[in-house]
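What follows is a short report on a single structure.
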Amino acid sequence: MMKQQTALRPHAAAWVGAFLIGTMLIQNASATLPVVTSLEPRGVVRGEESVVTFKGTRLSDASEVLCDLPGIEILEVKAVSNSATEVKLRAAADLTPGLYPIRLVTKSGIANLRLLGVGAMPVVAEVEPNNDFAAPQVIELNSTIDGVVKREDIDHYQVELKAGQTLNVEIEGIRIANSLRNQNILDPYIAILDEGRFEVASSDDSSLFQQDGLCSFTAPADGKYSILVRDSSFLGSDLGGYRLHVGTYPRPVAVIPAGGPPSTVLDAKLILSDGSERSAKIPLPSENYAQWGVTTEDENGVTPSPNWIRVNELPVAMEQEPNDDRRSAPVVPVPGAYCGVIEKPEDYDCFTFEAKKGTKYRVEVFARDVLRSPLDAVLNVFDPKHATITSSDDSRGKIDPFLEFDAKVDGKHTVRVYDHLRGGGPTYTYRIEVSTPTPAVNLSLKELRRDEAHVVAVPIGGSVGMVVSAARDRYNGEVNLSFEGLPKGVTATTFPMPAGRPEVPVLLTAAPDATHNASLYTIFAKGDDKNPLVGGKLSQHHKLVLGQNRREMWGYDTERAAMAVTDEVPFTIEVVQPKTPIVRSGSKNLKVRINKKEGFDDAVSIRTLYNPPGISINNSRSIAKGKTEVDIPITANTGAGIGTWPIIFVASYNTKTGPAQTATPPIMLEVENSIFKYTFPKSAGELGTEVSVTIPIEILREYPGEAEVELVGIPAGVTSPAATQPVTPESESVTFPLVIDAKAKVGTHRTLNCIARVKVGDETIVQTNGSGELRIDKPLPPKVDAPKPAAPKPAAKAPAKPKPLSRLEQLRQKK
């Protein structure tokens with residue numbers, strides 16, 4: 001029976017900082033989890049019992065299988081070896097063909113999600129050699145081939161067609177893969193070849209199946225035709241598996257309109273792969289669905305995979321041509337869903353609705369992402385004067401546009417949609433939803449390991465922690481969580497997510513008498529007492545195939561997450577609740593105690609689940625073999641979040657299947673403001689002297705117990721005979737005597753700090769502040785009498801200039 005423990009409410013000032021989940025577990029934590037690398041076969045036939053072999057690692061203790069969607073009954077789970085487990089199952093006879101999420105559970109954890117194909121046609125295994133066009137594998141029409149494309153491999157299959165028969169071929173390659181390292185990925189290419197080896201149809205990617213292909217061909221005459229399968233780059237691997245659906249089954253590629261209200265019958269038009277059209281009556285489910293699969297069946301068979309539409313309460317309005325001109329667009333209701341087709345290149349579709357001044361409107365286009373339409377939509381919104389208000393192309397990491405706007409005036413507003421490259425065609429379908437947004441909260445789980453969806457393994461008699469994230473939409477108040485569908489024997493300890501915060505920790509605990517079991521659970525969000533109608537629930541995204549630069553090529557969304565009760569913890573562990581707070585600029589040791597059960601004495605490493613804002617926690621400590629406790633140092637910076645915070649530690653230990661984790665029960669750590677404030681003066685002294693350093697101190701608030709201040713960071717060669725001084729509430733300063741040795745290092749030392757300690761019972765509140773400055777100088781040399789300056793010497797007389805000679809004397813000298 002599912003149970004949920006009453007939530008603990010933190011201090012009103014708590015939860016003002018960000019959680020750090022990156023230090024949640026040690027790097028090799030994933031070594032204990034089972035991994036499923038492939039399924040053989042990769043799909044089953046509905047209405048039949050089948051045995052599927054799960055291949056991978058750490059599968060020897062497999063115990064059960066979880067199916068996210070109804071219709072698959074698990075009959076038996078049999079572990080064959082550490083690398084293989086056989087699962088006998090039955091798919092319901094009326095199950096809609098397509099891909100179904102499935103998860104293998106062991107007694108030590110939950111494996112990665114895989115997609116299992118369910119079809120209506122018989123499965124045929126590939127038989128090698130079939131690489132040669134002249135020697136293909138002959139198959140019957142309306143078959144599903146389970147095969148593998150290895151490196152530089154080309155597979156050929158041959159069928160016979162009558163004149164006028166339409167052959168549809170679609171492949172599941174990327175969609176049934178699982179690769180987070182850009183390895184062992186089959187990016188398939190398919191083609192239909194005639195007897196002359198000419199390609200009459202081919203497909204690499206497709207709108208409907210993204211990187212999986214779809215092609216159709218209508219035979220002009222009776223004859224034999226071949227289907228070719230290879231990797232688009234001629235790569236491949238032993239894990240490059242595929243399911244190839246070959247037959248005359250109907251293959252719609254578009255449904256018009258693309259959705260309707262729940263519990264109604266949709267009067268739809270189907271566009272088939274050969275370009276033909278047919279009408280269909282589609283019963284819609286009684287609940288809303290963001291993406292609902294539509295399957296088509298006739299005398300020729302059943303589509304191997306669905307088309308996608310949306311189901312919600314919005315009234316549907318179909319486009320009415322002509323509607324290219326935004327000045328004369330048809331008027332439609334609001335809120336509403338506007339459906340249509342960009343039928344030809346350069347086509348525009350416009351819809352006009354009456355907007356009210358001051359109302360916010362949300363406009364979202366569904367085409368490429370949900371409907372798998374080839375339309376790359378661009379969206380414009382115009383005011384009553386036909387001026388542009390806002391536009392959107394790609395948005396929120398998706399190709400489909402999304403925007404919101406506030407109506408500035410009452411009157412007719414218009415939305416317009418067209419293709420980004422001005423393309424168009426009969427399959428370029430879209431659905432525009434215009435609504436007035438309401439407050440909501442959407443929940444997700446933090447990843448434990450990069451790119452891997454979080455699964456929870458709760459050990460018997462132990463606990464694990466996780467962090468729940470909230471995407472807020474027009475609501476910033478407190479969020480309260482509730483769980484539904486927990487495994488038997490598991491309880492959840494939740495904490496309110498305070499106003500403005502994006503995440504909160506949760507502790508899951510399995511009772512000592514719990515047994516191995518697993519379930520799919522969900523989490524609901526609810527607003528505070530003033531906003532009881534605000535809510536939301538969990539959704540989880542699974543990255544299944546990553547390409548170059550970790551770009552996601554294929555993923556899958558589920559509305560529930562997986563949790564299992566796993567092997568018992570060989571110890572109990574706790575954090576001792578401190579009796580005193582930690583203060584800003586302070587430090588503290590948290591004591592973790594362990595009680596090891598008989599037969600277990602290994603070391604246990606300790607890491608924090610998250611750090612409150614401004615709190616640093618040493619994550620390198622462990623409880624050594626033969627020891628029962630360890631002190632974990634923590635510090636608070638000057639901006640640490642004041643309030644009461646739950647602290648949870650994750651303990652990692654070794655088991656026979658690899659490392660495993662458990663978590664401590666939470667303690668509530670109080671963070672308070674600093675008690676003391678210091679003003680550090682610039683002090684100086686000479687070698688071989690004694691000086692006193694007086695530091696003004698301000699008592700910021702009352703404190704219990706006795707206090708003292710110690711001067712630390714004293715430079716080498718300097719000592720203090722009284723480095724610790726008492727402090728009272730009346731103290732205005734503290735004075736420390738310093739003795740400077742004659743050999744101390746001369747210079748400016750900015751290393752002085754004050755450590756204040758307040759003794760409260762058997763605990764101590766510690767606060768550290770700094771830094772102060774001490775300059776050490778050399779003594780000045782002794783002064784001596786200066787000599788009298790010498791009398792200046794008389795300057796030497798310059799020699800007299802020679803007397804100029806007369807002309808007569810000059811002539812005599814020449815003679």
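To be explicit about the labels: the chains of the structure tokens are called A, B, and onward in the order shown, and within each one the residues are counted from 1, while ligands get numbers from 1 in the order they are shown.
Proximity to A:Tyr521 at 8 Å, evaluated using only C-alpha atoms and with sequence-adjacent residues fewer than 3 positions away removed, yields Phe483, Glu484, Gly485, Leu486, Arg560, Ala561, Ala562 and Met563 of chain A.
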> Running DSSP on the backbone, which parts of stretch 325-553 of chain A land in helix (DSSP H, G or I), as a PyMOL selection string?
Replying inline: chain A and resi 326-328+548-550
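Taking only C-alpha atoms into account, A:Asn182 lies nearest to A:Asn549 out of the set A:Asn549, A:Thr662, A:Ser652, A:Thr580.
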For A:Ala457, please output as an mmCIF file with C-alpha atoms, in the first residue's frame all residues within 12 Å (counting only C-alpha atoms; exclusion window: fewer than 2 positions along the same chain).
data_model
loop_
_atom_site.group_PDB
_atom_site.id
_atom_site.type_symbol
_atom_site.label_atom_id
_atom_site.label_comp_id
_atom_site.auth_asym_id
_atom_site.auth_seq_id
_atom_site.Cartn_x
_atom_site.Cartn_y
_atom_site.Cartn_z
ATOM 1 C CA ALA A 29 27.629 5.460 -8.944
ATOM 2 C CA SER A 30 26.135 4.179 -12.190
ATOM 3 C CA THR A 32 25.596 -0.539 -9.693
ATOM 4 C CA LEU A 33 22.685 0.037 -12.084
ATOM 5 C CA PRO A 34 21.641 -2.562 -14.650
ATOM 6 C CA VAL A 105 14.015 -4.055 -12.742
ATOM 7 C CA THR A 106 16.658 -5.932 -10.751
ATOM 8 C CA LYS A 107 17.091 -6.327 -7.018
ATOM 9 C CA SER A 108 19.822 -3.707 -7.175
ATOM 10 C CA GLY A 109 18.250 -1.096 -9.448
ATOM 11 C CA ILE A 110 16.259 -0.125 -12.534
ATOM 12 C CA ALA A 111 17.628 -0.328 -16.074
ATOM 13 C CA LEU A 448 21.763 11.908 -11.294
ATOM 14 C CA HIS A 454 16.567 9.728 -12.858
ATOM 15 C CA VAL A 455 15.445 6.365 -11.485
ATOM 16 C CA PRO A 459 17.311 0.054 -0.252
ATOM 17 C CA ILE A 460 15.374 -2.013 2.258
ATOM 18 C CA GLY A 462 17.372 2.695 4.097
ATOM 19 C CA SER A 463 16.675 5.951 2.307
ATOM 20 C CA VAL A 464 17.640 7.823 -0.845
ATOM 21 C CA GLY A 465 17.333 11.470 -1.725
ATOM 22 C CA MET A 466 16.345 13.237 -4.902
ATOM 23 C CA LEU A 486 5.087 4.623 -4.553
ATOM 24 C CA PRO A 487 6.252 1.014 -4.174
ATOM 25 C CA VAL A 490 8.132 3.221 0.732
ATOM 26 C CA LEU A 507 13.716 11.754 0.980
ATOM 27 C CA LEU A 508 12.371 8.282 0.084
ATOM 28 C CA THR A 509 12.554 5.595 2.779
ATOM 29 C CA ALA A 510 11.867 1.867 2.595
ATOM 30 C CA HIS A 516 11.695 -6.193 -3.380
ATOM 31 C CA ASN A 517 9.115 -4.493 -5.570
ATOM 32 C CA ALA A 518 8.876 -1.644 -8.068
ATOM 33 C CA SER A 519 6.330 0.783 -9.428
ATOM 34 C CA ALA A 561 9.077 7.883 -13.132
ATOM 35 C CA ALA A 562 10.354 4.522 -11.930
ATOM 36 C CA MET A 563 11.202 3.497 -8.376
ATOM 37 C CA ALA A 564 12.262 0.146 -6.926
ATOM 38 C CA VAL A 565 12.916 -1.300 -3.485
ATOM 39 C CA THR A 566 16.376 -2.841 -3.670
ATOM 40 C CA ASP A 567 18.771 -4.904 -1.548
ATOM 41 C CA GLU A 568 19.005 -4.140 2.154
ATOM 42 C CA VAL A 569 21.480 -1.618 3.528
ATOM 43 C CA ALA A 660 25.277 1.363 -3.934
ATOM 44 C CA GLN A 661 23.921 4.383 -2.079
ATOM 45 C CA THR A 662 21.707 5.238 0.810
ATOM 46 C CA ALA A 663 20.899 8.556 2.436
#
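Using only C-alpha atoms, the protein and nucleic acid residues lying no more than 10 Å from A:Leu75, apart from those fewer than 3 places from it along its own chain, are Glu49, Ser50, Val51, Glu64, Val65, Ile72, Val87, Lys88, Leu89 and Arg90 of chain A.
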>> Just want the 7 Å neighbourhood of A:Val123, counted on only C-alpha atoms, with same-chain residues fewer than 6 positions away dropped. Output as a list in words.
In response: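 Answer for this query is Ser143, Thr144, Ile145 and Asp146 of chain A.
If you measure from each of A:Ala636, A:Val44, A:Ile399, A:Leu687 to A:Asn769 using only C-alpha atoms, the closest one turns out to be A:Ala636.
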> as a VMD selection string, which residues of stretch 110-291 of chain A does DSSP assign to strand (DSSP E)?
Replying inline: chain A and resid 110 114 to 119 123 to 125 137 to 138 143 to 148 154 to 161 166 to 172 188 to 193 199 to 203 214 to 218 223 to 231 241 to 247 252 to 256 259 to 260 265 to 272 277 to 283 289 to 291
>> Give me the residues near stretch 251-256 of chain A as a VMD selection string, where near means some atom within 6 Å (using only C-alpha atoms) and where sequence neighbours in that chain fewer than 2 positions away do not count.
In response: chain A and resid 258 268 to 273 303 427
>> Give me the residues near A:Val200 as a PyMOL selection string, where near means some atom within 12 Å (using only C-alpha atoms) and where sequence neighbours in that chain fewer than 6 positions away do not count.
In response: chain A and resi 167+190-194+215-220+225-228
> With distances taken over only C-alpha atoms, which of A:Ser373, A:Thr572, A:Ser683, A:Thr644 is nearest to A:Arg431?
Replying inline: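 Once distances to A:Arg431 are computed over only C-alpha atoms, the minimum belongs to A:Ser373.
When atom CA of A:Gly641 is paired with atom CA of A:Glu672, their separation reads 8.2 Å.
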Select from stretch 367-404 of chain A every residue with an atom at most 12 Å from any atom of stretch 282-296 of chain A, then for each give the shortest pair of atoms and their distance in Å to one decimal, using only C-alpha atoms, rows by chain and rising number, as JSON lines.
{"residue": "A:Ala367", "atom": "CA", "partner": "A:Gln291", "partner_atom": "CA", "distance": 11.6}
{"residue": "A:Asp369", "atom": "CA", "partner": "A:Gln291", "partner_atom": "CA", "distance": 10.0}
{"residue": "A:Val370", "atom": "CA", "partner": "A:Gln291", "partner_atom": "CA", "distance": 6.5}
{"residue": "A:Leu371", "atom": "CA", "partner": "A:Gln291", "partner_atom": "CA", "distance": 8.0}
{"residue": "A:Arg372", "atom": "CA", "partner": "A:Gln291", "partner_atom": "CA", "distance": 10.7}
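Comparing A:Ile765, A:Leu235, A:Ala280, A:Leu711 by their smallest distance to A:Glu297, the closest is A:Ala280 (using only C-alpha atoms).
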